[in-house]
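**Q** Sharing input13.cif here; it has mmCIF, C-alpha atoms.
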data_data
#
loop_
_atom_site.label_atom_id
_atom_site.label_comp_id
_atom_site.auth_asym_id
_atom_site.auth_seq_id
_atom_site.Cartn_x
_atom_site.Cartn_y
_atom_site.Cartn_z
CA MET A 1 38.83 -23.22 -0.99
CA VAL A 2 37.82 -20.53 -3.45
CA LYS A 3 36.72 -23.14 -5.99
CA SER A 4 34.63 -24.90 -3.35
CA ARG A 5 32.85 -21.65 -2.47
CA ILE A 6 32.15 -20.87 -6.13
CA ALA A 7 30.79 -24.36 -6.70
CA SER A 8 28.55 -24.06 -3.64
CA LEU A 9 27.30 -20.71 -4.89
CA LEU A 10 26.48 -22.16 -8.32
CA LEU A 11 24.59 -25.07 -6.77
CA PHE A 12 22.65 -22.63 -4.60
CA MET A 13 21.83 -20.57 -7.71
CA ALA A 14 20.56 -23.70 -9.44
CA VAL A 15 18.06 -24.35 -6.66
CA VAL A 16 16.95 -20.70 -6.47
CA LEU A 17 16.62 -20.27 -10.24
CA ALA A 18 14.67 -23.49 -10.61
CA SER A 19 12.25 -22.45 -7.88
CA TRP A 20 11.81 -18.92 -9.27
CA TRP A 21 11.45 -20.09 -12.89
CA SER A 22 8.81 -22.66 -11.98
CA THR A 23 6.76 -20.11 -10.05
CA ALA A 24 7.06 -17.41 -12.72
CA ILE A 25 5.96 -19.70 -15.53
CA CYS A 26 3.17 -21.69 -13.90
CA HIS A 27 1.27 -19.38 -11.59
CA ASN A 28 -0.99 -17.53 -13.99
CA ILE A 29 -4.63 -18.58 -13.81
CA THR A 30 -5.57 -16.61 -16.93
CA ALA A 31 -2.94 -18.38 -19.04
CA ILE A 32 -3.94 -21.78 -17.64
CA LEU A 33 -7.64 -21.31 -18.36
CA ASP A 34 -6.86 -19.95 -21.84
CA ASN A 35 -6.23 -23.59 -22.78
CA PHE A 36 -9.81 -24.51 -21.86
CA PRO A 37 -12.32 -22.55 -23.98
CA ASP A 38 -15.25 -24.26 -22.21
CA TYR A 39 -14.56 -21.90 -19.27
CA SER A 40 -13.64 -18.77 -21.23
CA ILE A 41 -16.51 -16.66 -19.87
CA GLN A 42 -15.51 -17.17 -16.24
CA ASN A 43 -11.89 -16.59 -17.24
CA GLY A 44 -12.88 -13.28 -18.82
CA TYR A 45 -14.76 -12.12 -15.73
CA MET A 46 -11.93 -13.18 -13.43
CA THR A 47 -9.59 -11.01 -15.52
CA SER A 48 -11.84 -7.95 -15.82
CA THR A 49 -12.75 -7.94 -12.11
CA LYS A 50 -9.06 -8.44 -11.19
CA ILE A 51 -9.84 -11.66 -9.31
CA ALA A 52 -7.11 -13.24 -11.45
CA ASP A 53 -4.53 -10.92 -9.85
CA GLU A 54 -5.62 -12.07 -6.40
CA VAL A 55 -5.39 -15.72 -7.45
CA ASN A 56 -1.95 -15.28 -9.03
CA SER A 57 -0.57 -13.84 -5.79
CA ARG A 58 -1.22 -17.14 -3.97
CA GLN A 59 0.57 -20.49 -4.11
CA THR A 60 -1.90 -23.15 -2.93
CA LEU A 61 -5.58 -23.09 -3.81
CA THR A 62 -8.43 -24.73 -5.68
CA CYS A 63 -10.29 -22.83 -8.37
CA LEU A 64 -13.81 -24.04 -9.09
CA VAL A 65 -14.90 -23.27 -12.64
CA LEU A 66 -18.33 -23.07 -14.27
CA PRO A 67 -19.02 -24.13 -17.87
CA ASN A 68 -19.81 -21.28 -20.24
CA ILE A 69 -23.54 -21.99 -20.38
CA VAL A 70 -23.84 -21.69 -16.56
CA MET A 71 -21.55 -18.66 -16.25
CA SER A 72 -23.33 -16.89 -19.08
CA ALA A 73 -26.69 -17.28 -17.35
CA LEU A 74 -25.25 -16.00 -14.07
CA ALA A 75 -23.64 -12.97 -15.74
CA ALA A 76 -26.84 -12.11 -17.59
CA ASP A 77 -28.69 -11.62 -14.30
CA HIS A 78 -26.08 -9.69 -12.33
CA ALA A 79 -23.74 -6.72 -12.81
CA PRO A 80 -19.94 -7.29 -12.70
CA ALA A 81 -19.75 -5.63 -9.26
CA SER A 82 -22.19 -8.20 -7.88
CA LEU A 83 -20.37 -11.08 -9.59
CA LYS A 84 -17.04 -10.29 -7.99
CA ASN A 85 -17.71 -11.87 -4.60
CA ALA A 86 -19.52 -14.78 -6.27
CA LEU A 87 -16.27 -15.46 -8.17
CA ARG A 88 -14.24 -15.15 -4.97
CA LEU A 89 -16.44 -17.85 -3.40
CA LEU A 90 -15.23 -20.21 -6.14
CA VAL A 91 -11.59 -19.83 -5.07
CA LEU A 92 -10.81 -22.16 -2.14
CA LEU A 93 -7.66 -21.37 -0.16
CA ASP A 94 -6.66 -25.02 0.09
CA TYR A 95 -5.71 -27.72 -2.41
CA PHE A 96 -8.49 -30.21 -3.13
CA ASP A 97 -7.82 -32.80 -5.81
CA SER A 98 -10.29 -35.58 -6.60
CA GLN A 99 -8.85 -37.99 -4.05
CA LYS A 100 -8.87 -35.45 -1.24
CA LEU A 101 -12.47 -34.47 -2.02
CA HIS A 102 -13.59 -38.10 -1.82
CA ASP A 103 -11.57 -38.81 1.36
CA ILE A 104 -12.77 -35.92 3.56
CA ASP A 105 -12.61 -36.92 7.23
CA GLY A 106 -16.09 -37.23 8.65
CA GLY A 107 -17.62 -36.72 5.22
CA THR A 108 -17.79 -32.92 5.44
CA THR A 109 -15.48 -29.94 5.89
CA ILE A 110 -15.65 -26.14 5.96
CA THR A 111 -12.96 -24.33 3.95
CA THR A 112 -11.95 -20.69 3.56
CA THR A 113 -12.47 -18.84 0.27
CA LEU A 114 -10.94 -15.74 -1.29
CA PHE A 115 -14.08 -13.81 -0.28
CA GLN A 116 -13.16 -14.23 3.39
CA THR A 117 -9.86 -12.35 2.85
CA THR A 118 -11.64 -9.16 1.75
CA GLY A 119 -13.04 -8.31 5.18
CA GLU A 120 -16.47 -7.86 3.60
CA ALA A 121 -17.83 -11.30 4.56
CA ILE A 122 -20.17 -11.44 7.55
CA GLY A 123 -20.31 -14.53 9.75
CA GLN A 124 -19.81 -17.65 7.62
CA GLU A 125 -20.29 -15.93 4.25
CA GLY A 126 -16.62 -16.34 3.33
CA PHE A 127 -16.60 -20.12 3.84
CA VAL A 128 -17.77 -23.06 1.74
CA ASN A 129 -19.17 -26.39 2.90
CA ILE A 130 -17.82 -29.47 1.08
CA THR A 131 -19.74 -32.68 1.74
CA ASN A 132 -19.45 -36.27 0.52
CA LEU A 133 -22.89 -37.64 -0.29
CA ARG A 134 -24.00 -41.17 -1.13
CA GLY A 135 -22.81 -42.79 -4.30
CA GLY A 136 -19.47 -40.95 -4.41
CA ARG A 137 -21.10 -37.58 -5.06
CA VAL A 138 -19.29 -34.49 -3.71
CA ALA A 139 -21.34 -31.31 -3.27
CA PHE A 140 -20.54 -27.68 -2.48
CA GLY A 141 -22.60 -25.01 -0.75
CA SER A 142 -22.28 -21.85 1.30
CA ALA A 143 -21.37 -22.35 4.97
CA VAL A 144 -24.02 -19.78 5.94
CA PRO A 145 -26.55 -21.60 8.18
CA GLY A 146 -29.58 -22.74 6.20
CA SER A 147 -27.79 -22.74 2.84
CA LYS A 148 -28.22 -25.74 0.54
CA LEU A 149 -25.60 -27.82 -1.24
CA THR A 150 -26.37 -26.38 -4.65
CA SER A 151 -23.32 -27.40 -6.69
CA ASP A 152 -21.86 -30.81 -7.58
CA TYR A 153 -18.23 -31.67 -8.27
CA THR A 154 -17.98 -32.84 -11.89
CA LYS A 155 -14.31 -33.46 -12.63
CA SER A 156 -10.76 -32.20 -12.10
CA ILE A 157 -9.45 -30.08 -14.99
CA ARG A 158 -5.83 -29.41 -13.97
CA GLN A 159 -3.69 -30.17 -10.91
CA ILE A 160 -0.59 -28.02 -11.46
CA PRO A 161 0.10 -25.42 -10.10
CA TYR A 162 -3.46 -25.05 -8.78
CA ASN A 163 -6.21 -27.60 -8.67
CA ILE A 164 -8.88 -26.49 -11.13
CA SER A 165 -12.15 -28.40 -10.84
CA LYS A 166 -15.39 -28.16 -12.78
CA ILE A 167 -18.63 -27.77 -10.80
CA SER A 168 -22.24 -27.75 -11.91
CA ALA A 169 -23.56 -24.49 -10.42
CA PRO A 170 -22.44 -21.32 -8.58
CA ILE A 171 -22.17 -21.22 -4.79
CA ILE A 172 -24.50 -18.58 -3.37
CA PHE A 173 -26.08 -17.46 -0.11
CA PRO A 174 -29.03 -15.13 0.60
CA GLY A 175 -28.00 -11.50 0.04
CA LEU A 176 -24.93 -12.25 -2.11
CA PHE A 177 -26.32 -10.24 -5.04
CA ASP A 178 -28.21 -7.56 -3.09
CA ASP A 179 -25.67 -4.75 -3.51
CA GLY A 180 -26.52 -2.07 -6.07
CA ALA A 181 -24.32 -1.16 -9.00
CA ALA A 182 -21.30 1.01 -8.22
CA SER A 183 -22.44 3.52 -10.85
CA ASP A 184 -25.50 4.23 -8.68
CA ALA A 185 -23.36 5.27 -5.70
CA ASN A 186 -23.32 8.87 -4.46
CA LEU A 187 -19.71 9.73 -5.19
CA THR A 188 -19.66 12.96 -3.18
CA ALA A 189 -21.17 11.31 -0.10
CA ILE A 190 -18.66 8.45 -0.27
CA LEU A 191 -15.71 10.86 -0.47
CA GLU A 192 -16.98 13.05 2.37
CA LYS A 193 -17.50 10.04 4.62
CA ALA A 194 -13.94 8.90 3.86
CA GLY A 195 -12.45 12.20 5.09
CA CYS A 196 -11.99 13.70 1.60
CA LYS A 197 -14.39 16.65 1.89
CA ILE A 198 -12.05 19.12 0.17
CA PHE A 199 -11.55 16.81 -2.80
CA ALA A 200 -15.31 16.19 -2.98
CA SER A 201 -15.96 19.95 -2.94
CA LEU A 202 -13.39 20.58 -5.68
CA ILE A 203 -14.76 17.98 -8.11
CA SER A 204 -18.29 19.29 -7.51
CA SER A 205 -17.51 22.97 -7.99
CA SER A 206 -15.32 22.32 -11.06
CA GLY A 207 -17.88 20.11 -12.79
CA MET A 208 -15.58 17.08 -12.77
CA ILE A 209 -18.16 15.15 -10.74
CA LYS A 210 -20.26 14.68 -13.91
CA ILE A 211 -17.30 13.36 -15.89
CA PHE A 212 -16.42 10.93 -13.11
CA GLN A 213 -20.01 9.70 -12.86
CA VAL A 214 -20.07 8.94 -16.58
CA ALA A 215 -16.75 7.08 -16.29
CA MET A 216 -18.09 4.98 -13.41
CA VAL A 217 -20.24 3.02 -15.85
CA LYS A 218 -17.25 1.54 -17.72
CA GLY A 219 -14.37 1.92 -15.28
CA LEU A 220 -12.95 4.49 -12.84
CA THR A 221 -10.21 4.58 -10.23
CA LEU A 222 -9.95 7.65 -8.00
CA PHE A 223 -6.91 8.56 -5.92
CA ALA A 224 -8.61 10.85 -3.40
CA PRO A 225 -6.35 12.99 -1.18
CA THR A 226 -7.52 13.27 2.42
CA ASP A 227 -8.33 16.67 3.93
CA GLU A 228 -5.00 16.52 5.83
CA ALA A 229 -3.19 16.09 2.50
CA PHE A 230 -4.53 19.41 1.19
CA LYS A 231 -3.46 21.16 4.41
CA ALA A 232 0.08 19.78 4.34
CA LYS A 233 3.06 22.11 4.06
CA GLY A 234 4.24 22.67 0.47
CA VAL A 235 0.89 22.04 -1.24
CA PRO A 236 0.37 24.80 -3.87
CA ASP A 237 -2.33 27.40 -3.29
CA LEU A 238 -5.28 26.04 -5.27
CA ASN A 239 -7.00 29.44 -5.26
CA SER A 240 -4.15 30.86 -7.36
CA MET A 241 -4.51 28.21 -10.05
CA SER A 242 -6.43 28.83 -13.25
CA SER A 243 -9.65 26.89 -13.76
CA ALA A 244 -8.03 24.86 -16.54
CA ASP A 245 -5.04 23.89 -14.38
CA LEU A 246 -7.30 22.95 -11.47
CA VAL A 247 -9.36 20.66 -13.70
CA THR A 248 -6.15 19.07 -14.98
CA LEU A 249 -4.98 18.51 -11.40
CA LEU A 250 -8.27 16.79 -10.52
CA GLN A 251 -8.13 14.69 -13.69
CA TYR A 252 -4.63 13.62 -12.68
CA HIS A 253 -6.17 11.94 -9.62
CA ALA A 254 -8.37 9.69 -11.79
CA VAL A 255 -7.81 6.74 -14.11
CA ALA A 256 -10.47 5.69 -16.61
CA SER A 257 -10.19 1.99 -15.77
CA TYR A 258 -10.65 -0.32 -12.79
CA ASN A 259 -7.42 -0.68 -10.77
CA PRO A 260 -7.85 -1.94 -7.19
CA LYS A 261 -4.88 -1.94 -4.83
CA ASP A 262 -3.98 -5.61 -5.40
CA SER A 263 -3.80 -5.01 -9.15
CA LEU A 264 -1.57 -1.97 -8.70
CA LYS A 265 0.95 -4.26 -7.01
CA THR A 266 1.47 -6.11 -10.29
CA VAL A 267 1.59 -3.21 -12.75
CA HIS A 268 4.14 -3.12 -15.57
CA HIS A 269 3.67 0.23 -17.37
CA PRO A 270 3.18 3.87 -16.36
CA ILE A 271 -0.44 4.63 -15.53
CA ALA A 272 -2.12 7.06 -17.91
CA THR A 273 -4.50 9.32 -16.00
CA MET A 274 -7.57 11.17 -17.23
CA ALA A 275 -5.28 14.21 -17.67
CA SER A 276 -3.06 12.36 -20.18
CA GLY A 277 -3.25 13.67 -23.74
CA ALA A 278 -1.76 16.17 -26.14
CA ALA A 279 -0.89 18.56 -23.31
CA GLY A 280 1.46 16.03 -21.71
CA ASN A 281 1.91 12.49 -20.44
CA TYR A 282 0.51 13.17 -16.96
CA GLU A 283 1.42 9.63 -15.90
CA ILE A 284 1.90 7.98 -12.52
CA THR A 285 4.34 5.22 -11.65
CA VAL A 286 4.04 2.75 -8.80
CA THR A 287 6.36 1.11 -6.28
CA VAL A 288 5.46 -1.67 -3.89
CA GLN A 289 6.98 -2.60 -0.54
CA GLY A 290 5.17 -5.37 1.27
CA ASP A 291 1.51 -4.36 1.39
CA ASP A 292 2.30 -0.66 0.85
CA VAL A 293 1.65 0.83 -2.59
CA THR A 294 3.17 4.23 -3.36
CA LEU A 295 2.35 6.50 -6.31
CA HIS A 296 5.07 8.68 -7.86
CA THR A 297 4.51 11.77 -10.01
CA GLY A 298 8.04 13.01 -10.65
CA VAL A 299 7.47 15.85 -8.18
CA ASP A 300 6.17 14.05 -5.10
CA SER A 301 5.06 10.63 -3.87
CA SER A 302 2.04 9.42 -1.96
CA ARG A 303 1.21 6.17 -0.24
CA ILE A 304 -2.24 4.67 -0.76
CA ALA A 305 -3.88 4.89 2.65
CA ARG A 306 -6.94 2.68 2.27
CA THR A 307 -9.63 1.37 -0.05
CA VAL A 308 -12.91 3.26 0.32
CA LEU A 309 -14.87 1.52 -2.45
CA ASP A 310 -14.02 -1.56 -4.50
CA GLU A 311 -16.97 -2.58 -6.63
CA THR A 312 -16.21 -3.49 -10.22
CA PRO A 313 -15.76 -1.36 -12.29
CA VAL A 314 -15.19 1.42 -9.70
CA CYS A 315 -12.42 1.75 -7.13
CA ILE A 316 -11.84 4.69 -4.77
CA LEU A 317 -8.52 4.81 -2.90
CA THR A 318 -7.46 7.51 -0.46
CA VAL A 319 -3.90 8.86 -0.72
CA GLU A 320 -1.84 10.62 1.93
CA SER A 321 -0.59 13.45 -0.29
CA VAL A 322 -1.91 15.55 -3.16
CA LEU A 323 -0.50 14.18 -6.44
CA LEU A 324 1.37 16.99 -8.19
CA PRO A 325 1.99 16.29 -11.91
CA GLU A 326 5.42 17.18 -13.23
CA GLU A 327 3.83 18.93 -16.21
CA LEU A 328 2.26 21.52 -13.89
CA PHE A 329 4.64 21.59 -10.93
CA GLY A 330 7.94 20.41 -12.38
CA ASN A 331 9.74 23.50 -11.08
CA ALA A 332 8.05 23.40 -7.72
CA PRO A 333 10.31 22.89 -4.69
CA SER A 334 10.38 19.39 -3.20
CA LEU A 335 7.92 18.75 -0.40
CA GLU A 336 10.61 16.87 1.54
CA PRO A 337 12.51 18.78 4.27
CA ALA A 338 15.67 20.45 2.96
CA PRO A 339 18.93 18.78 4.09
CA ALA A 340 21.16 20.53 6.58
CA PRO A 341 24.12 22.54 5.16
CA GLY A 342 26.91 20.24 4.15
CA ALA A 343 24.72 17.16 4.36
CA ALA A 344 25.10 16.45 0.64
CA GLU A 345 28.86 16.10 1.05
CA GLU A 346 28.64 14.02 4.24
CA SER A 347 26.08 11.39 3.26
CA PRO A 348 25.21 9.59 0.04
CA ALA A 349 22.10 10.40 -1.92
CA PRO A 350 19.03 8.41 -0.81
CA GLN A 351 18.12 5.37 -2.83
CA VAL A 352 14.95 5.70 -4.90
CA ALA A 353 12.82 2.62 -5.46
CA THR A 354 12.63 1.49 -9.05
CA PRO A 355 9.09 2.16 -10.30
CA VAL A 356 6.92 -0.84 -11.12
CA MET A 357 4.98 -0.20 -14.25
CA ALA A 358 1.16 -0.05 -14.38
CA PRO A 359 -1.27 -2.23 -16.36
CA ALA A 360 -2.92 -1.62 -19.66
CA PRO A 361 -6.67 -1.00 -19.47
CA ALA A 362 -8.75 -3.94 -18.26
CA PRO A 363 -9.72 -6.43 -20.94
CA ALA A 364 -13.22 -7.15 -22.09
CA LEU A 365 -15.46 -9.03 -19.64
CA ALA A 366 -15.71 -12.26 -21.57
CA LYS A 367 -12.96 -13.97 -23.46
CA VAL A 368 -14.00 -15.21 -26.87
CA PRO A 369 -12.60 -18.64 -27.64
CA VAL A 370 -10.10 -18.67 -30.47
CA PRO A 371 -11.65 -20.34 -33.50
CA ALA A 372 -10.20 -23.69 -34.45
CA PRO A 373 -8.04 -23.79 -37.58
CA ALA A 374 -9.83 -24.55 -40.83
CA VAL A 375 -9.94 -28.27 -41.56
CA MET A 376 -8.41 -29.28 -44.89
CA SER A 377 -10.32 -31.46 -47.25
CA PRO A 378 -9.11 -35.06 -47.69
CA ALA A 379 -7.65 -34.13 -51.08
CA ASP A 380 -5.56 -31.35 -49.57
CA SER A 381 -4.58 -33.13 -46.37
CA PRO A 382 -1.39 -35.17 -46.10
CA ALA A 383 -1.94 -38.86 -45.62
CA SER A 384 -0.46 -38.79 -42.13
CA ALA A 385 -2.03 -35.53 -40.83
CA PRO A 386 -1.85 -35.40 -37.01
CA ALA A 387 -5.06 -35.36 -34.99
CA ALA A 388 -6.13 -32.04 -33.44
CA GLU A 389 -4.80 -31.53 -29.92
CA SER A 390 -7.20 -31.29 -27.00
CA PRO A 391 -6.86 -28.51 -24.39
CA ASP A 392 -5.41 -31.10 -21.99
CA ASP A 393 -2.73 -32.03 -24.55
CA VAL A 394 -1.84 -28.36 -25.09
CA ALA A 395 -1.60 -27.70 -21.36
CA ASP A 396 0.46 -30.85 -20.84
CA LYS A 397 2.92 -29.72 -23.50
CA GLU A 398 3.21 -26.30 -21.86
CA ASP A 399 3.94 -27.99 -18.53
CA ASP A 400 6.55 -30.16 -20.25
CA ARG A 401 8.20 -27.09 -21.80
CA SER A 402 8.24 -25.34 -18.42
CA THR A 403 9.76 -28.38 -16.73
CA ALA A 404 12.37 -28.69 -19.48
CA ALA A 405 13.32 -25.04 -19.09
CA VAL A 406 13.77 -25.44 -15.34
CA ALA A 407 15.85 -28.57 -15.91
CA LYS A 408 18.12 -26.77 -18.38
CA VAL A 409 18.76 -23.87 -15.99
CA THR A 410 19.49 -26.25 -13.11
CA SER A 411 21.73 -28.47 -15.23
CA PHE A 412 23.73 -25.49 -16.48
CA CYS A 413 24.53 -24.33 -12.95
CA MET A 414 25.45 -27.86 -11.85
CA VAL A 415 27.77 -28.35 -14.85
CA MET A 416 29.48 -25.03 -14.13
CA ALA A 417 29.96 -26.12 -10.52
CA ALA A 418 31.60 -29.35 -11.69
CA VAL A 419 33.89 -27.45 -14.07
CA VAL A 420 35.02 -25.15 -11.26
CA LEU A 421 35.91 -28.12 -9.06
CA MET A 422 38.02 -29.80 -11.79
#
Once you've parsed the file, please lay out its structure as structure tokens.

**A**
Amino acid sequence: MVKSRIASLLLFMAVVLASWWSTAICHNITAILDNFPDYSIQNGYMTSTKIADEVNSRQTLTCLVLPNIVMSALAADHAPASLKNALRLLVLLDYFDSQKLHDIDGGTTITTTLFQTTGEAIGQEGFVNITNLRGGRVAFGSAVPGSKLTSDYTKSIRQIPYNISKISAPIIFPGLFDDGAASDANLTAILEKAGCKIFASLISSSGMIKIFQVAMVKGLTLFAPTDEAFKAKGVPDLNSMSSADLVTLLQYHAVASYNPKDSLKTVHHPIATMASGAAGNYEITVTVQGDDVTLHTGVDSSRIARTVLDETPVCILTVESVLLPEELFGNAPSLEPAPAPGAAEESPAPQVATPVMAPAPAPALAKVPVPAPAVMSPADSPASAPAAESPDDVADKEDDRSTAAVAKVTSFCMVMAAVVLM
């Protein structure tokens, strides 16, 4: 009986491990596109705008890619903040391989894109029209009434784990690129409108507003406490702080890189803030539970309440509590209510979520293709030198290695189950 249960457990582990391993290895759009240098510019922008993080969080989709010459022309005319939603329009939340595209019922269909999930799309802006035309041609266009089918399906690049298809031109609609650059935004007005008037007043009076405005050009994430957060019980008296300490506290609420909420969910290292330096680490760690993202300082914790502004390379997030760095307030009493007398002996200590580490600074906008190895002269080359591998061959080998790894894990568990039953 015991052996049977152990064997069943091992077989169950084989299925779970195989499923987890396959997902962990395959679902990384940046790694997949790294094998195709013809699309390196779009890959770079997807990484720097954090669209890649949004793609990697999903299981079934189709990513439409533009060749470098087309993406380069598009990027030359528009700022990264304006490009972000254009890139989201190229991510279809359904799987369309070549056969499915050519067998669309009725010859046309409307499909949802990643842009629709942001809540920023108006009307049909977050949808794409896919239509079969004469001669086997498949075209794409915005679903906004009056929009033209401006892009043609060229070929399928990869099918696993996502379908990645090459198209001839971007999908656009009137007004897609009308928004101004995030660096032109009135930071104080945005914060005040979001219910962060005290924080806005503090960064203005301390002079930090100028530093933040300069940072907005290259990358800035603000964790802005609401007015209620400053009025909460246990928050230190800011009037008693020195000017230097107050500036440090405000710097602790800023990161000199672009980190929207979805990207914070996948972080792997402590986040260095603008206060980090010789005076101390001044870092923040992150935990995630469902859609909730919580920041931890070592003294207190604060949940991210909402996104106020998300326009590459600037993100403003409101937080429910003032972030108190351990370097300044390490001896401060906890803001949590004190336990009743004897409670420590009667109940176990609360469990603390293991922090998820934060990302390194965002990479450069465009990925530069890795140069091909130098070709040896005929005199130096062996007689049977292998031919250079194409990107498809490289990707196929990576898929084969992933499949082999899954098979080995599964086989190991099945063999152990058989041994137990002997």

**Q** Run the PyMOL selection byres ((chain A and resi 219-232) around 8) on the file and write out the hits as a PDB file with C-alpha atoms, keeping the file's coordinate frame.

**A**
ATOM      1  CA  LEU A 191     -15.710  10.860  -0.470  1.00  0.00           C
ATOM      2  CA  ALA A 194     -13.940   8.900   3.860  1.00  0.00           C
ATOM      3  CA  GLY A 195     -12.450  12.200   5.090  1.00  0.00           C
ATOM      4  CA  CYS A 196     -11.990  13.700   1.600  1.00  0.00           C
ATOM      5  CA  LYS A 197     -14.390  16.650   1.890  1.00  0.00           C
ATOM      6  CA  ILE A 198     -12.050  19.120   0.170  1.00  0.00           C
ATOM      7  CA  PHE A 199     -11.550  16.810  -2.800  1.00  0.00           C
ATOM      8  CA  PHE A 212     -16.420  10.930 -13.110  1.00  0.00           C
ATOM      9  CA  ALA A 215     -16.750   7.080 -16.290  1.00  0.00           C
ATOM     10  CA  MET A 216     -18.090   4.980 -13.410  1.00  0.00           C
ATOM     11  CA  VAL A 217     -20.240   3.020 -15.850  1.00  0.00           C
ATOM     12  CA  LYS A 218     -17.250   1.540 -17.720  1.00  0.00           C
ATOM     13  CA  LYS A 233       3.060  22.110   4.060  1.00  0.00           C
ATOM     14  CA  GLY A 234       4.240  22.670   0.470  1.00  0.00           C
ATOM     15  CA  VAL A 235       0.890  22.040  -1.240  1.00  0.00           C
ATOM     16  CA  HIS A 253      -6.170  11.940  -9.620  1.00  0.00           C
ATOM     17  CA  ALA A 254      -8.370   9.690 -11.790  1.00  0.00           C
ATOM     18  CA  VAL A 255      -7.810   6.740 -14.110  1.00  0.00           C
ATOM     19  CA  ALA A 256     -10.470   5.690 -16.610  1.00  0.00           C
ATOM     20  CA  SER A 257     -10.190   1.990 -15.770  1.00  0.00           C
ATOM     21  CA  TYR A 258     -10.650  -0.320 -12.790  1.00  0.00           C
ATOM     22  CA  ASN A 259      -7.420  -0.680 -10.770  1.00  0.00           C
ATOM     23  CA  PRO A 260      -7.850  -1.940  -7.190  1.00  0.00           C
ATOM     24  CA  ILE A 304      -2.240   4.670  -0.760  1.00  0.00           C
ATOM     25  CA  THR A 312     -16.210  -3.490 -10.220  1.00  0.00           C
ATOM     26  CA  PRO A 313     -15.760  -1.360 -12.290  1.00  0.00           C
ATOM     27  CA  VAL A 314     -15.190   1.420  -9.700  1.00  0.00           C
ATOM     28  CA  CYS A 315     -12.420   1.750  -7.130  1.00  0.00           C
ATOM     29  CA  ILE A 316     -11.840   4.690  -4.770  1.00  0.00           C
ATOM     30  CA  LEU A 317      -8.520   4.810  -2.900  1.00  0.00           C
ATOM     31  CA  THR A 318      -7.460   7.510  -0.460  1.00  0.00           C
ATOM     32  CA  VAL A 319      -3.900   8.860  -0.720  1.00  0.00           C
ATOM     33  CA  GLU A 320      -1.840  10.620   1.930  1.00  0.00           C
ATOM     34  CA  SER A 321      -0.590  13.450  -0.290  1.00  0.00           C
ATOM     35  CA  VAL A 322      -1.910  15.550  -3.160  1.00  0.00           C
ATOM     36  CA  LEU A 323      -0.500  14.180  -6.440  1.00  0.00           C
TER      37      LEU A 323
END

**Q** Could you write out as lines of an AutoDock Vina configuration file the box around segment 271-277 of chain A (axis-aligned, all atoms listed in the file, 6 Å on each side), with centre and edge lengths in Å to one decimal?

**A**
center_x = -4.0
center_y = 9.4
center_z = -19.6
size_x = 19.1
size_y = 21.6
size_z = 20.2

**Q** Care to translate the PyMOL selection byres ((chain A and resi 96) around 10) into actual residues of this file, as a PyMOL selection string?

**A** chain A and resi 60-63+92-95+97-102+104+156+159+162-165

**Q** Residues of the last selection are to be written out with C-alpha atoms, as a PDB file, in the frame of the given file.

**A**
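Heads up, here's the output in out.pdb:
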ATOM      1  CA  THR A  60      -1.900 -23.150  -2.930  1.00  0.00           C
ATOM      2  CA  LEU A  61      -5.580 -23.090  -3.810  1.00  0.00           C
ATOM      3  CA  THR A  62      -8.430 -24.730  -5.680  1.00  0.00           C
ATOM      4  CA  CYS A  63     -10.290 -22.830  -8.370  1.00  0.00           C
ATOM      5  CA  LEU A  92     -10.810 -22.160  -2.140  1.00  0.00           C
ATOM      6  CA  LEU A  93      -7.660 -21.370  -0.160  1.00  0.00           C
ATOM      7  CA  ASP A  94      -6.660 -25.020   0.090  1.00  0.00           C
ATOM      8  CA  TYR A  95      -5.710 -27.720  -2.410  1.00  0.00           C
ATOM      9  CA  ASP A  97      -7.820 -32.800  -5.810  1.00  0.00           C
ATOM     10  CA  SER A  98     -10.290 -35.580  -6.600  1.00  0.00           C
ATOM     11  CA  GLN A  99      -8.850 -37.990  -4.050  1.00  0.00           C
ATOM     12  CA  LYS A 100      -8.870 -35.450  -1.240  1.00  0.00           C
ATOM     13  CA  LEU A 101     -12.470 -34.470  -2.020  1.00  0.00           C
ATOM     14  CA  HIS A 102     -13.590 -38.100  -1.820  1.00  0.00           C
ATOM     15  CA  ILE A 104     -12.770 -35.920   3.560  1.00  0.00           C
ATOM     16  CA  SER A 156     -10.760 -32.200 -12.100  1.00  0.00           C
ATOM     17  CA  GLN A 159      -3.690 -30.170 -10.910  1.00  0.00           C
ATOM     18  CA  TYR A 162      -3.460 -25.050  -8.780  1.00  0.00           C
ATOM     19  CA  ASN A 163      -6.210 -27.600  -8.670  1.00  0.00           C
ATOM     20  CA  ILE A 164      -8.880 -26.490 -11.130  1.00  0.00           C
ATOM     21  CA  SER A 165     -12.150 -28.400 -10.840  1.00  0.00           C
TER      22      SER A 165
END

**Q** Give me, please, the distance in Å between atom CA of Asn43 of chain A and atom CA of Phe177 of chain A, quoted to one decimal.

**A** 19.9 Å

**Q** Between A:Val308, A:Met241, A:Val293, A:Gly106, which has the minimum distance to Thr266 of chain A (counting only C-alpha atoms)?

**A**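 Once distances to Thr266 of chain A are computed over only C-alpha atoms, the minimum belongs to A:Val293.
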
**Q** Could you work out how far atom CA of Arg306 of chain A lies from atom CA of Ile171 of chain A, giving the answer in Å with one decimal?

**A**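 Atom CA of Ile171 of chain A sits 29.2 Å away from atom CA of Arg306 of chain A.
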
**Q** Evaluating the PyMOL selection byres ((chain A and resi 107) around 8) on the displayed file yields which residues, as an NGL selection string?

**A** :A and (103-106 or 108-109 or 131-133)

**Q** Let me make sure I understand: among A:Pro236, A:Ser57, A:Met46, A:Val128, which one has the smallest atom-to-atom distance to Ala75 of chain A if we use only C-alpha atoms?

**A**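 Once distances to Ala75 of chain A are computed over only C-alpha atoms, the minimum belongs to A:Met46.
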